[in-house]
Each structure stands twice: as C-alpha cells, then as structure tokens.
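> Just so it is clear, I am handing over upload31.csv, which has CSV, C-alpha atoms and all ligand atoms.
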chain,number,residue,atom,x,y,z
A,1,MET,CA,0.5,20.6,13.8
A,2,SER,CA,1.0,19.4,17.3
A,3,ASP,CA,4.4,20.0,18.9
A,4,ASP,CA,4.2,16.4,20.3
A,5,LEU,CA,7.2,14.3,19.4
A,6,LYS,CA,7.1,10.5,19.8
A,7,GLU,CA,10.3,8.6,20.3
A,8,ALA,CA,10.8,6.4,17.2
A,9,LEU,CA,11.0,2.6,17.3
A,10,LEU,CA,13.8,0.5,15.7
A,11,TYR,CA,16.5,3.2,15.5
A,12,GLU,CA,20.1,2.7,16.5
A,13,ALA,CA,22.6,5.1,18.0
A,14,LEU,CA,25.7,5.8,16.0
A,15,PRO,CA,28.9,7.8,17.0
A,16,ASP,CA,28.7,11.6,17.2
A,17,SER,CA,25.0,11.6,18.1
A,18,ARG,CA,24.0,10.3,14.7
A,19,VAL,CA,21.3,7.7,14.5
A,20,ARG,CA,20.1,5.1,11.9
A,21,CYS,CA,16.4,4.7,11.3
A,22,ASN,CA,15.5,1.1,10.5
A,23,ILE,CA,11.8,1.6,9.8
A,24,CYS,CA,12.1,1.5,6.0
A,25,GLN,CA,14.7,0.1,3.7
A,26,ARG,CA,16.4,3.4,3.2
A,27,ARG,CA,17.9,3.0,6.6
A,28,CYS,CA,18.7,6.7,6.8
A,29,GLU,CA,21.7,7.8,8.8
A,30,ILE,CA,20.6,11.0,10.4
A,31,LYS,CA,22.8,13.7,11.8
A,32,PRO,CA,21.8,15.7,14.9
A,33,GLU,CA,19.2,18.4,14.2
A,34,ALA,CA,18.3,16.8,10.9
A,35,SER,CA,15.5,14.6,9.4
A,36,GLY,CA,15.6,11.5,7.3
A,37,TYR,CA,14.6,11.2,3.6
A,38,CYS,CA,10.9,11.3,4.5
A,39,TYR,CA,11.1,14.5,6.6
A,40,THR,CA,9.0,12.9,9.3
A,41,ARG,CA,11.7,11.7,11.7
A,42,PHE,CA,14.0,14.1,13.5
A,43,ASN,CA,17.3,13.5,15.4
A,44,LYS,CA,17.2,15.5,18.6
A,45,GLU,CA,20.4,15.2,20.6
A,46,GLY,CA,21.0,11.6,19.5
A,47,LYS,CA,17.4,10.4,19.8
A,48,LEU,CA,15.1,9.8,16.9
A,49,TYR,CA,11.6,11.2,17.1
A,50,SER,CA,8.5,11.1,14.9
A,51,PHE,CA,6.8,14.4,14.1
A,52,ILE,CA,3.6,12.7,12.9
A,53,TYR,CA,2.3,10.4,15.6
A,54,SER,CA,-1.5,11.0,15.5
A,55,GLU,CA,-1.2,13.7,12.8
A,56,VAL,CA,-3.8,12.8,10.2
A,57,SER,CA,-4.0,14.7,6.9
A,58,CYS,CA,-7.0,12.6,5.5
A,59,SER,CA,-9.6,10.7,7.3
A,60,MET,CA,-12.5,9.1,5.4
A,61,VAL,CA,-14.8,6.1,5.4
A,62,SER,CA,-14.3,4.3,2.1
A,63,PRO,CA,-15.0,0.9,0.6
A,64,ILE,CA,-12.3,-1.7,0.5
A,65,GLU,CA,-12.4,-1.6,-3.3
A,66,LYS,CA,-10.8,1.8,-3.2
A,67,LYS,CA,-7.5,0.4,-1.8
A,68,PRO,CA,-8.0,-1.7,-4.1
A,69,LEU,CA,-8.5,-5.0,-2.3
A,70,PHE,CA,-11.0,-7.2,-4.3
A,71,HIS,CA,-10.8,-10.5,-2.4
A,72,PHE,CA,-10.9,-9.2,1.1
A,73,TYR,CA,-14.4,-8.7,2.5
A,74,PRO,CA,-15.8,-7.1,-0.7
A,75,GLY,CA,-18.1,-4.2,-0.1
A,76,SER,CA,-16.9,-3.6,3.5
A,77,LEU,CA,-16.3,-0.1,4.8
A,78,TRP,CA,-12.9,1.0,6.2
A,79,LEU,CA,-11.8,4.0,8.2
A,80,SER,CA,-9.0,5.2,5.9
A,81,LEU,CA,-6.3,7.4,7.4
A,82,GLY,CA,-3.3,9.1,5.9
A,83,THR,CA,-0.6,11.4,7.3
A,84,LEU,CA,2.0,13.7,5.6
A,85,GLY,CA,5.2,12.8,3.8
A,86,CYS,CA,6.6,9.7,2.1
A,87,ASN,CA,9.7,7.6,1.8
A,88,PHE,CA,9.4,7.8,-2.0
A,89,ARG,CA,9.2,10.9,-4.1
A,90,CYS,CA,7.5,9.6,-7.2
A,91,PRO,CA,7.4,12.3,-9.9
A,92,GLY,CA,3.8,11.4,-11.0
A,93,CYS,CA,2.3,10.8,-7.5
A,94,GLN,CA,-1.4,11.3,-7.5
A,95,ASN,CA,-1.4,12.1,-3.7
A,96,TRP,CA,1.6,14.5,-4.0
A,97,LYS,CA,-0.1,17.2,-1.9
A,98,ILE,CA,0.2,15.1,1.2
A,99,ALA,CA,3.0,12.7,0.2
A,100,HIS,CA,5.5,15.4,-0.8
A,101,ALA,CA,4.7,17.8,2.0
A,102,ARG,CA,7.6,19.0,4.1
A,103,LEU,CA,6.5,18.3,7.7
A,104,ASN,CA,9.0,20.5,9.3
A,105,LEU,CA,7.9,23.5,7.3
A,106,ASN,CA,4.3,23.2,8.5
A,107,GLU,CA,2.9,23.4,5.0
A,108,ARG,CA,-0.3,21.5,5.7
A,109,LYS,CA,-2.9,21.5,8.3
A,110,VAL,CA,-3.6,18.1,10.0
A,111,GLU,CA,-6.1,16.8,12.5
A,112,HIS,CA,-5.0,15.1,15.7
A,113,ILE,CA,-6.6,11.6,16.0
A,114,THR,CA,-5.0,9.3,18.6
A,115,PRO,CA,-5.0,5.5,17.9
A,116,LYS,CA,-7.7,5.1,20.5
A,117,GLU,CA,-9.9,7.8,18.8
A,118,SER,CA,-9.3,6.1,15.4
A,119,VAL,CA,-10.8,2.9,16.9
A,120,THR,CA,-13.7,4.8,18.3
A,121,LEU,CA,-14.4,6.4,14.9
A,122,ALA,CA,-14.1,3.2,13.0
A,123,LYS,CA,-16.6,1.5,15.3
A,124,ARG,CA,-19.0,4.5,15.3
A,125,ASP,CA,-19.1,4.5,11.5
A,126,GLY,CA,-19.7,0.8,11.2
A,127,CYS,CA,-16.3,0.0,9.6
A,128,LYS,CA,-14.8,-3.5,9.2
A,129,GLY,CA,-11.5,-2.1,10.2
A,130,ILE,CA,-8.8,0.6,9.8
A,131,SER,CA,-6.8,1.1,6.6
A,132,TRP,CA,-3.6,3.2,6.6
A,133,THR,CA,-3.4,4.6,3.1
A,134,TYR,CA,-3.2,7.7,0.9
A,135,ASN,CA,0.6,8.1,1.6
A,136,GLU,CA,3.1,5.5,2.7
A,137,PRO,CA,1.9,4.1,6.1
A,138,THR,CA,5.4,2.9,7.1
A,139,ILE,CA,6.6,6.4,7.8
A,140,TRP,CA,4.1,6.7,10.8
A,141,PHE,CA,4.9,3.2,11.9
A,142,GLU,CA,4.6,3.9,15.6
A,143,TYR,CA,1.1,5.3,15.2
A,144,THR,CA,-0.1,2.5,12.9
A,145,LEU,CA,1.4,-0.2,15.2
A,146,ASP,CA,-0.4,1.3,18.3
A,147,GLY,CA,-3.6,1.6,16.2
A,148,ALA,CA,-3.4,-1.9,14.9
A,149,LYS,CA,-3.0,-3.4,18.4
A,150,LEU,CA,-6.0,-1.5,19.6
A,151,ALA,CA,-8.0,-2.4,16.5
A,152,ARG,CA,-7.3,-6.1,17.2
A,153,GLU,CA,-8.4,-5.7,20.8
A,154,ASN,CA,-11.6,-4.2,19.7
A,155,GLY,CA,-12.5,-6.7,17.0
A,156,LEU,CA,-11.5,-4.6,14.0
A,157,LEU,CA,-9.4,-5.7,11.1
A,158,THR,CA,-6.4,-3.7,9.6
A,159,ASN,CA,-4.7,-3.1,6.3
A,160,TYR,CA,-1.7,-1.4,4.9
A,161,VAL,CA,-1.7,0.2,1.5
A,162,THR,CA,2.0,0.3,0.9
A,163,ASN,CA,5.0,0.5,-1.4
A,164,GLY,CA,6.5,-2.5,0.4
A,165,PHE,CA,9.6,-0.6,1.4
A,166,ILE,CA,9.2,-1.4,5.1
A,167,THR,CA,12.1,-3.3,6.7
A,168,PRO,CA,11.6,-7.0,7.6
A,169,GLU,CA,12.1,-6.1,11.3
A,170,ALA,CA,9.4,-3.4,11.2
A,171,LEU,CA,7.1,-5.8,9.4
A,172,ASP,CA,7.7,-8.4,12.1
A,173,LEU,CA,6.6,-6.0,14.8
A,174,LEU,CA,3.4,-5.1,12.9
A,175,GLY,CA,2.6,-8.5,11.3
A,176,PRO,CA,0.8,-10.0,14.3
A,177,TYR,CA,-1.7,-7.1,14.2
A,178,LEU,CA,-2.2,-6.7,10.5
A,179,ASP,CA,-4.7,-8.6,8.2
A,180,ALA,CA,-4.1,-7.4,4.6
A,181,PHE,CA,-1.2,-5.9,2.7
A,182,ARG,CA,-1.9,-4.2,-0.6
A,183,VAL,CA,1.5,-3.7,-2.2
A,184,ASP,CA,2.6,-1.6,-5.2
A,185,ILE,CA,5.1,-3.4,-7.4
A,186,LYS,CA,5.7,-0.3,-9.5
A,187,GLY,CA,8.0,-1.9,-12.1
A,188,PHE,CA,10.5,-4.7,-12.4
A,189,SER,CA,13.9,-3.2,-13.2
A,190,ASP,CA,16.6,-1.4,-11.3
A,191,ASP,CA,16.5,1.4,-13.8
A,192,PHE,CA,12.7,2.0,-13.2
A,193,TYR,CA,13.0,2.0,-9.4
A,194,LYS,CA,16.0,4.2,-9.5
A,195,LYS,CA,14.4,6.7,-11.8
A,196,ILE,CA,11.0,6.8,-10.3
A,197,CYS,CA,11.5,6.0,-6.6
A,198,HIS,CA,15.2,6.6,-5.9
A,199,VAL,CA,15.4,3.0,-4.8
A,200,TYR,CA,18.6,1.2,-5.7
A,201,ASP,CA,17.6,-2.4,-4.9
A,202,PHE,CA,13.9,-3.2,-5.3
A,203,LYS,CA,14.4,-6.9,-4.4
A,204,GLY,CA,13.9,-5.9,-0.8
A,205,ILE,CA,10.3,-5.0,-1.6
A,206,LEU,CA,9.7,-8.4,-3.2
A,207,GLU,CA,11.2,-10.1,-0.2
A,208,VAL,CA,9.1,-8.2,2.4
A,209,THR,CA,5.9,-8.8,0.4
A,210,LYS,CA,6.6,-12.6,0.4
A,211,ARG,CA,7.4,-12.4,4.1
A,212,ALA,CA,4.0,-10.7,4.8
A,213,LYS,CA,2.3,-13.6,3.2
A,214,GLU,CA,4.4,-16.5,4.3
A,215,LYS,CA,5.5,-15.5,7.8
A,216,TRP,CA,2.4,-13.5,8.9
A,217,GLY,CA,-0.3,-15.0,6.7
A,218,LEU,CA,-1.5,-11.6,5.5
A,219,TRP,CA,-3.9,-11.4,2.6
A,220,VAL,CA,-1.8,-9.9,-0.2
A,221,GLU,CA,-2.9,-8.1,-3.4
A,222,ILE,CA,-0.5,-6.4,-5.8
A,223,ILE,CA,-1.0,-3.2,-7.9
A,224,THR,CA,1.0,-1.8,-10.8
A,225,ASN,CA,0.2,1.6,-12.2
A,226,ILE,CA,1.0,1.4,-15.9
A,227,ILE,CA,2.9,4.5,-17.0
A,228,PRO,CA,3.4,4.7,-20.8
A,229,GLY,CA,7.1,4.5,-21.7
A,230,TYR,CA,8.2,3.6,-18.2
A,231,ASN,CA,6.8,0.2,-17.2
A,232,ASP,CA,4.5,-0.8,-20.0
A,233,ASP,CA,7.0,-3.0,-21.8
A,234,GLU,CA,6.4,-6.7,-22.1
A,235,ALA,CA,9.6,-7.7,-20.3
A,236,GLN,CA,8.7,-5.9,-17.1
A,237,LEU,CA,5.1,-6.9,-17.0
A,238,LYS,CA,5.9,-10.5,-17.7
A,239,SER,CA,8.5,-10.4,-14.9
A,240,ILE,CA,6.0,-9.0,-12.4
A,241,ALA,CA,3.4,-11.5,-13.4
A,242,SER,CA,5.8,-14.4,-13.2
A,243,TRP,CA,7.2,-13.2,-9.8
A,244,ILE,CA,3.6,-13.0,-8.4
A,245,LYS,CA,2.8,-16.5,-9.6
A,246,ASP,CA,6.1,-18.1,-8.3
A,247,ASP,CA,6.5,-16.2,-5.0
A,248,LEU,CA,2.9,-15.4,-4.0
A,249,GLY,CA,0.8,-17.9,-5.9
A,250,GLU,CA,-1.4,-17.9,-9.0
A,251,PHE,CA,-4.4,-16.8,-7.0
A,252,THR,CA,-2.9,-13.5,-5.8
A,253,PRO,CA,-4.9,-10.7,-7.4
A,254,TRP,CA,-3.0,-8.3,-9.6
A,255,HIS,CA,-4.5,-4.8,-10.3
A,256,LEU,CA,-3.3,-3.0,-13.3
A,257,THR,CA,-4.3,0.7,-13.1
A,258,GLN,CA,-4.5,3.5,-15.6
A,259,PHE,CA,-1.9,6.3,-15.1
A,260,VAL,CA,-3.3,9.8,-15.0
A,261,PRO,CA,-0.7,12.6,-15.6
A,262,HIS,CA,0.5,14.5,-12.6
A,263,LEU,CA,3.4,16.7,-11.6
A,264,GLU,CA,6.7,16.1,-13.4
A,265,LEU,CA,5.0,13.3,-15.4
A,266,SER,CA,2.3,15.7,-16.7
A,267,HIS,CA,3.6,15.3,-20.2
A,268,ILE,CA,3.0,11.6,-20.2
A,269,PRO,CA,-0.4,10.6,-21.7
A,270,THR,CA,-3.1,8.7,-19.8
A,271,THR,CA,-2.5,5.0,-20.3
A,272,PRO,CA,-4.6,3.8,-23.3
A,273,VAL,CA,-7.1,1.1,-22.4
A,274,ALA,CA,-5.6,-1.1,-25.1
A,275,THR,CA,-2.3,-1.0,-23.2
A,276,LEU,CA,-4.0,-2.1,-20.0
A,277,GLU,CA,-5.8,-4.9,-21.8
A,278,LYS,CA,-2.5,-6.1,-23.3
A,279,ALA,CA,-0.9,-6.0,-19.8
A,280,ARG,CA,-3.8,-8.1,-18.5
A,281,GLU,CA,-3.3,-10.6,-21.2
A,282,ILE,CA,0.3,-11.0,-20.2
A,283,GLY,CA,-0.8,-11.7,-16.6
A,284,LEU,CA,-3.4,-14.2,-17.7
A,285,LYS,CA,-0.8,-15.9,-20.0
A,286,GLU,CA,1.5,-16.3,-17.0
A,287,ASN,CA,-1.4,-18.2,-15.4
A,288,LEU,CA,-2.5,-15.6,-12.9
A,289,LYS,CA,-6.1,-16.3,-12.2
A,290,TYR,CA,-7.3,-12.8,-11.0
A,291,VAL,CA,-6.0,-9.9,-13.1
A,292,TYR,CA,-8.0,-6.7,-12.7
A,293,LEU,CA,-8.0,-3.4,-14.5
A,294,GLY,CA,-8.5,-0.2,-12.5
A,295,ASN,CA,-9.4,3.5,-13.2
A,296,VAL,CA,-11.5,2.3,-16.2
A,297,TRP,CA,-15.0,2.4,-14.8
A,298,GLY,CA,-17.4,-0.1,-16.3
A,299,HIS,CA,-14.7,-2.3,-17.9
A,300,PRO,CA,-15.5,-6.0,-17.6
A,301,ALA,CA,-12.1,-6.6,-16.1
A,302,GLU,CA,-13.2,-4.8,-13.0
A,303,ASN,CA,-15.4,-7.8,-12.2
A,304,THR,CA,-14.5,-11.1,-10.5
A,305,TYR,CA,-15.1,-14.3,-12.5
A,306,CYS,CA,-14.7,-17.8,-11.0
A,307,HIS,CA,-11.3,-19.1,-12.0
A,308,SER,CA,-12.8,-22.5,-12.5
A,309,CYS,CA,-16.2,-22.1,-14.3
A,310,LYS,CA,-15.6,-18.5,-15.4
A,311,LYS,CA,-19.0,-17.3,-14.2
A,312,LEU,CA,-19.5,-13.8,-13.0
A,313,LEU,CA,-19.2,-13.6,-9.2
A,314,ILE,CA,-18.8,-9.9,-8.4
A,315,LYS,CA,-19.9,-7.1,-10.6
A,316,ARG,CA,-18.2,-3.8,-10.0
A,317,LYS,CA,-18.2,-0.3,-11.3
A,318,GLY,CA,-15.2,1.5,-9.9
A,319,PHE,CA,-15.4,1.2,-6.2
A,320,TYR,CA,-19.0,0.0,-6.1
A,321,ILE,CA,-20.5,-3.5,-6.2
A,322,SER,CA,-23.8,-4.1,-7.8
A,323,GLN,CA,-23.8,-7.9,-7.6
A,324,ASN,CA,-21.9,-10.4,-5.3
A,325,HIS,CA,-22.8,-14.0,-5.8
A,326,ILE,CA,-20.0,-15.5,-3.6
A,327,LYS,CA,-21.6,-17.7,-0.8
A,328,ASP,CA,-19.5,-18.9,2.1
A,329,GLY,CA,-16.3,-18.1,0.2
A,330,LYS,CA,-17.4,-20.4,-2.7
A,331,CYS,CA,-18.6,-20.0,-6.3
A,332,PRO,CA,-22.4,-20.8,-6.1
A,333,PHE,CA,-22.3,-22.2,-9.7
A,334,CYS,CA,-19.5,-24.8,-9.4
A,335,GLY,CA,-18.7,-24.9,-5.7
A,336,THR,CA,-15.0,-23.9,-6.1
A,337,THR,CA,-13.5,-22.1,-3.1
A,338,ILE,CA,-12.6,-18.5,-4.1
A,339,PRO,CA,-9.3,-17.4,-2.8
A,340,GLY,CA,-9.5,-14.5,-0.3
A,341,ARG,CA,-11.4,-13.6,2.8
A,342,PHE,CA,-15.2,-13.3,2.5
A,343,SER,CA,-17.8,-12.6,5.1
A,401,LIG,S1,11.3,6.0,7.6
A,401,LIG,FE1,12.1,7.9,6.8
A,401,LIG,S2,13.8,8.3,8.1
A,401,LIG,FE2,13.3,6.2,8.4
A,401,LIG,S3,14.7,5.1,6.9
A,401,LIG,FE3,12.7,5.5,5.9
A,401,LIG,S4,13.0,7.5,4.8
A,401,LIG,FE4,14.6,7.3,6.3
Show this structure as structure tokens.

Amino acid sequence: MSDDLKEALLYEALPDSRVRCNICQRRCEIKPEASGYCYTRFNKEGKLYSFIYSEVSCSMVSPIEKKPLFHFYPGSLWLSLGTLGCNFRCPGCQNWKIAHARLNLNERKVEHITPKESVTLAKRDGCKGISWTYNEPTIWFEYTLDGAKLARENGLLTNYVTNGFITPEALDLLGPYLDAFRVDIKGFSDDFYKKICHVYDFKGILEVTKRAKEKWGLWVEIITNIIPGYNDDEAQLKSIASWIKDDLGEFTPWHLTQFVPHLELSHIPTTPVATLEKAREIGLKENLKYVYLGNVWGHPAENTYCHSCKKLLIKRKGFYISQNHIKDGKCPFCGTTIPGRFS
C-alpha cells in the first residue's frame, strides 16, 4: 500500500487535537493517532487523512446489471472500482475480504490507480462510465469525488453502489457529478439495522436516498438482500415497499436478492425462491411497478415487462441481456415511456 495520505474533506477540529469526520452518518469522533470506525481515516496531529486515496482492491469492467441497475443504460459496460474497508461490518457480507480488511495492518495488496488513470482506463475499455462498488464507496469519498469530476469532464457517467449512509453534506458535494445511486435498504426496523449494521437510526439512510433523487436528480434503484429470519417478515418488506412508493415513486425499481451464507451468518440457509417470490408479491401489491429478483438466474422476475401492457421488454439471465425491445425509452408495443435512462 502507498504511504500517501490525502487530507480528508468535511472533518472538523475538536478540542485536544480530536477531530470529527462528517463523511458518513457515524460522524466518528477520532482521537489523535487513531482511526475511525472504517479504519480508513487517521487523525495525525489534529488533521484527518485518508489512507486509501487511489488504493484500488478490485478493478473490473462489468455490465451495469451487476450493480444491479436495470433501468439505467441496460447492457452498458462500467469500469467498476472498489477499495478496502467499510463503514458497516455486516456479519454476512459477501465482499468481506475487502470490506472487513484492516487498512492500517496492511492485510491486503492494492493497486494504485489515480482518478485520472481511472478515466483513461474507462475510456480505453469502451465503458459508459465509472462505478464505485464492491465495498462502500463513501469511505473513499475524496477519491470518488475527484474521479467523478474528471469523468464528467470526459463525457463519462458515474454511479455509486452504496449503503446510503453518506451524510447529506457529503452527498451535496458529490451530487453534481453523480448520475445513479443504487442503494441498499437492508431492512426496515431499528432492531435489524442495530443487529446487522451497528446503525442506531436508519432513517438517515432513507432521507439521503430521497435527497439523491429529489435534490440531485440521480437515477435511484433499491436493493434488499433477503436474509431468512432477519428481514423476510411481511411487516418489514411491506414497509420498505411502501416507503419506496411514497418517497421515491412507484416506478423506482426494487431488487430482491437471494442471501447466500457467509461468515457469521454461515448457519443461515440460502433464501428459498418461494420466499423471494412472496416478497415480490408484497412489492407488487404495494403498487411498485418494477420488482425484480436477483441471484436466481433464469427466473422470469429477472426480466423487465412494460408496466402498462405487460409485454416483455428486456430478457435477462443473471447479468446478461438476450433481448432488449425498448426503443427511444418507450415500449414498442404500446408506446408507454419506460422509467429510467436508456440509450
Ligand atoms: S467515513 Fe469512517 S471515519 Fe468517517 S464517519 Fe464514517 S466510519 Fe467514521
């Protein structure tokens, strides 16, 4: 790992050389010679620095369907970048090798890719844009902000694959340079968020997601990974669906994905397909128009159907598209405008 340190944005000085980080809603108060909860920001003599500016743990060109974003330039390719660390410590995280890494212990090798180099790579590989994904992008906020500005200058689009725990003020710096926001709404109870994410007030996540759409006009899609016994109850699913409809609109896509056992949740079984289908029914009953199932390759609920005439518009298998009938953002069968951004 590079020894480069980048002074953080949005921190405030406190007495006795302590600082407060205002990048995510934890708003960690950090003592001198210590890191915040995510282990990626270090207080050196009363100044806060990021360890991970330009430090890339994963760099891959992948389809937008992998985020997943289904109504945002379907079939396009994205330079997808991740770093190390996270501001959550979910016990069943599928990307735990990078998300739970302790940066200051140099546990993992990383590649140094500057924002300028990321733009060059995205253009070289014919990508539509840059996606910050794999682990929580908020924790390398300074890097993603610089990358997003350069991407915009170079005609590339950008997206965040996020847990939505960014602060409103950080979102407001990034918003002008971001195009899509794929947000995890992991559950809908204080108990769930406390147990799984160590988050004591998840309402801030809802507010920031609404702000991304209303204030910055970002294209927003929501995902919920259904974990048996944790968030598969009707009350939580109904609450998520109803919140999406009321605060983001009935045309906001909701992705319901199958949980696969990992780490401390290795004893929990894979989500039965019947549970996912029941969750989808709940979403549809709440009047959401686009409710998708994920991690169940070949299931008809991976496809997009026109919300008006119900005809098949996009046929998918996992991350791959075999048919796309949308023309100029419209259903070719009945002429209805399909919500989203389409080439
Ligand atoms: S980004 Fe890291 S240091 Fe900053 S508030 Fe969040 S968890 Fe704490």
> Identify, on the basis of all atoms listed in the file, every residue whose closest approach to Ile223 of chain A does not exceed 9 Å; exclude the query and any residue fewer than 4 positions from it along the same chain; express the result as JSON, numbers by chain.
{"A": [68, 182, 183, 184, 185, 186, 253, 254, 255, 256, 257]}
> Kindly compute an axis-aligned box around the listed atoms of ligand LIG 401 (chain A), allowing 4 Å on each side, and express its centre and edge lengths in Å to one decimal as lines of an AutoDock Vina configuration file.

center_x = 13.0
center_y = 6.7
center_z = 6.6
size_x = 11.4
size_y = 11.2
size_z = 11.6
> Output the neighbourhood of ligand LIG 401 (chain A) as a ChimeraX atom specification, that is, all protein and nucleic acid residues with some atom at most 12 Å from the ligand, counting all atoms listed in the file.
/A:8-12,19-31,34-43,48-52,84-89,103,136-142,163-167,170,197-199
> Just give me the residues with any atom within 12 Å of (-18.0, -19.0, -1.4), file coordinates, counting all atoms listed in the file, written as a PyMOL selection string.
chain A and resi 71+73+306+313-314+324-343
> At what distance in Å, to one decimal, does atom CA of Pro261 of chain A lie from atom CA of His100 of chain A?
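Here the two named atoms are 16.3 Å from each other.
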> Atom CA of Gly204 of chain A and atom CA of Ser239 of chain A are how many Å apart?
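Spanning atom CA of Gly204 of chain A to atom CA of Ser239 of chain A is a straight-line distance of 15.8 Å.
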> Which one of A:Phe188, A:Trp132, A:Tyr305, A:Tyr53 sits closest to Gln236 of chain A if you count all atoms listed in the file?
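Checking each of A:Phe188, A:Trp132, A:Tyr305, A:Tyr53 against Gln236 of chain A, counting all atoms listed in the file, the winner is A:Phe188.
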> A:Trp219, A:Tyr143, A:Tyr134, A:Trp96: which is nearest His112 of chain A, counting all atoms listed in the file?
A:Tyr143
> Identify the residues within 12 Å of coordinate (4.5, -16.6, 7.7) (same frame as the file), considering only C-alpha atoms, and give the answer as a JSON list (two decimals) with C-alpha atoms, keeping the file's coordinate frame.

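Wrote out04.json, looks like this:
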[["chain", "number", "residue", "atom", "x", "y", "z"],
["A", 168, "PRO", "CA", 11.60, -7.00, 7.60],
["A", 171, "LEU", "CA", 7.10, -5.80, 9.40],
["A", 172, "ASP", "CA", 7.70, -8.40, 12.10],
["A", 175, "GLY", "CA", 2.60, -8.50, 11.30],
["A", 176, "PRO", "CA", 0.80, -10.00, 14.30],
["A", 208, "VAL", "CA", 9.10, -8.20, 2.40],
["A", 209, "THR", "CA", 5.90, -8.80, 0.40],
["A", 210, "LYS", "CA", 6.60, -12.60, 0.40],
["A", 211, "ARG", "CA", 7.40, -12.40, 4.10],
["A", 212, "ALA", "CA", 4.00, -10.70, 4.80],
["A", 213, "LYS", "CA", 2.30, -13.60, 3.20],
["A", 214, "GLU", "CA", 4.40, -16.50, 4.30],
["A", 215, "LYS", "CA", 5.50, -15.50, 7.80],
["A", 216, "TRP", "CA", 2.40, -13.50, 8.90],
["A", 217, "GLY", "CA", -0.30, -15.00, 6.70],
["A", 218, "LEU", "CA", -1.50, -11.60, 5.50],
["A", 219, "TRP", "CA", -3.90, -11.40, 2.60],
["A", 248, "LEU", "CA", 2.90, -15.40, -4.00]]
> From the list A:Ile226, A:Ile196, A:Val61, A:Ala235, which residue is nearest Glu277 of chain A when using all atoms listed in the file?
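Checking each candidate against Glu277 of chain A, we get A:Ile226 as the closest.
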> Hey, could you patch up segment 196-211 of chain A with N, CA and C atoms and hand it over as a PDB file, in the frame of the given file?

ATOM      1  N   ILE A 196      12.273   6.396 -10.825  1.00  0.00           N
ATOM      2  CA  ILE A 196      11.000   6.800 -10.300  1.00  0.00           C
ATOM      3  C   ILE A 196      10.935   6.943  -8.794  1.00  0.00           C
ATOM      4  N   CYS A 197      11.615   6.043  -8.114  1.00  0.00           N
ATOM      5  CA  CYS A 197      11.500   6.000  -6.600  1.00  0.00           C
ATOM      6  C   CYS A 197      12.757   6.279  -5.886  1.00  0.00           C
ATOM      7  N   HIS A 198      13.873   6.481  -6.585  1.00  0.00           N
ATOM      8  CA  HIS A 198      15.200   6.600  -5.900  1.00  0.00           C
ATOM      9  C   HIS A 198      15.473   5.424  -5.019  1.00  0.00           C
ATOM     10  N   VAL A 199      15.104   4.264  -5.516  1.00  0.00           N
ATOM     11  CA  VAL A 199      15.400   3.000  -4.800  1.00  0.00           C
ATOM     12  C   VAL A 199      16.387   2.233  -5.616  1.00  0.00           C
ATOM     13  N   TYR A 200      17.470   1.799  -4.960  1.00  0.00           N
ATOM     14  CA  TYR A 200      18.600   1.200  -5.700  1.00  0.00           C
ATOM     15  C   TYR A 200      18.570  -0.317  -5.696  1.00  0.00           C
ATOM     16  N   ASP A 201      17.711  -0.902  -4.864  1.00  0.00           N
ATOM     17  CA  ASP A 201      17.600  -2.400  -4.900  1.00  0.00           C
ATOM     18  C   ASP A 201      16.151  -2.738  -4.533  1.00  0.00           C
ATOM     19  N   PHE A 202      15.340  -2.939  -5.566  1.00  0.00           N
ATOM     20  CA  PHE A 202      13.900  -3.200  -5.300  1.00  0.00           C
ATOM     21  C   PHE A 202      13.637  -4.608  -4.854  1.00  0.00           C
ATOM     22  N   LYS A 203      14.656  -5.460  -4.843  1.00  0.00           N
ATOM     23  CA  LYS A 203      14.400  -6.900  -4.400  1.00  0.00           C
ATOM     24  C   LYS A 203      13.938  -6.935  -2.984  1.00  0.00           C
ATOM     25  N   GLY A 204      14.349  -5.972  -2.182  1.00  0.00           N
ATOM     26  CA  GLY A 204      13.900  -5.900  -0.800  1.00  0.00           C
ATOM     27  C   GLY A 204      12.395  -5.811  -0.673  1.00  0.00           C
ATOM     28  N   ILE A 205      11.790  -5.119  -1.634  1.00  0.00           N
ATOM     29  CA  ILE A 205      10.300  -5.000  -1.600  1.00  0.00           C
ATOM     30  C   ILE A 205       9.665  -6.313  -1.909  1.00  0.00           C
ATOM     31  N   LEU A 206      10.262  -7.045  -2.833  1.00  0.00           N
ATOM     32  CA  LEU A 206       9.700  -8.400  -3.200  1.00  0.00           C
ATOM     33  C   LEU A 206       9.817  -9.304  -1.959  1.00  0.00           C
ATOM     34  N   GLU A 207      10.981  -9.229  -1.304  1.00  0.00           N
ATOM     35  CA  GLU A 207      11.200 -10.100  -0.200  1.00  0.00           C
ATOM     36  C   GLU A 207      10.231  -9.847   0.983  1.00  0.00           C
ATOM     37  N   VAL A 208      10.024  -8.549   1.248  1.00  0.00           N
ATOM     38  CA  VAL A 208       9.100  -8.200   2.400  1.00  0.00           C
ATOM     39  C   VAL A 208       7.679  -8.585   2.032  1.00  0.00           C
ATOM     40  N   THR A 209       7.302  -8.474   0.771  1.00  0.00           N
ATOM     41  CA  THR A 209       5.900  -8.800   0.400  1.00  0.00           C
ATOM     42  C   THR A 209       5.711 -10.350   0.580  1.00  0.00           C
ATOM     43  N   LYS A 210       6.721 -11.108   0.191  1.00  0.00           N
ATOM     44  CA  LYS A 210       6.600 -12.600   0.400  1.00  0.00           C
ATOM     45  C   LYS A 210       6.579 -12.912   1.868  1.00  0.00           C
ATOM     46  N   ARG A 211       7.368 -12.174   2.636  1.00  0.00           N
ATOM     47  CA  ARG A 211       7.400 -12.400   4.100  1.00  0.00           C
ATOM     48  C   ARG A 211       6.024 -12.108   4.716  1.00  0.00           C
TER      49      ARG A 211
END
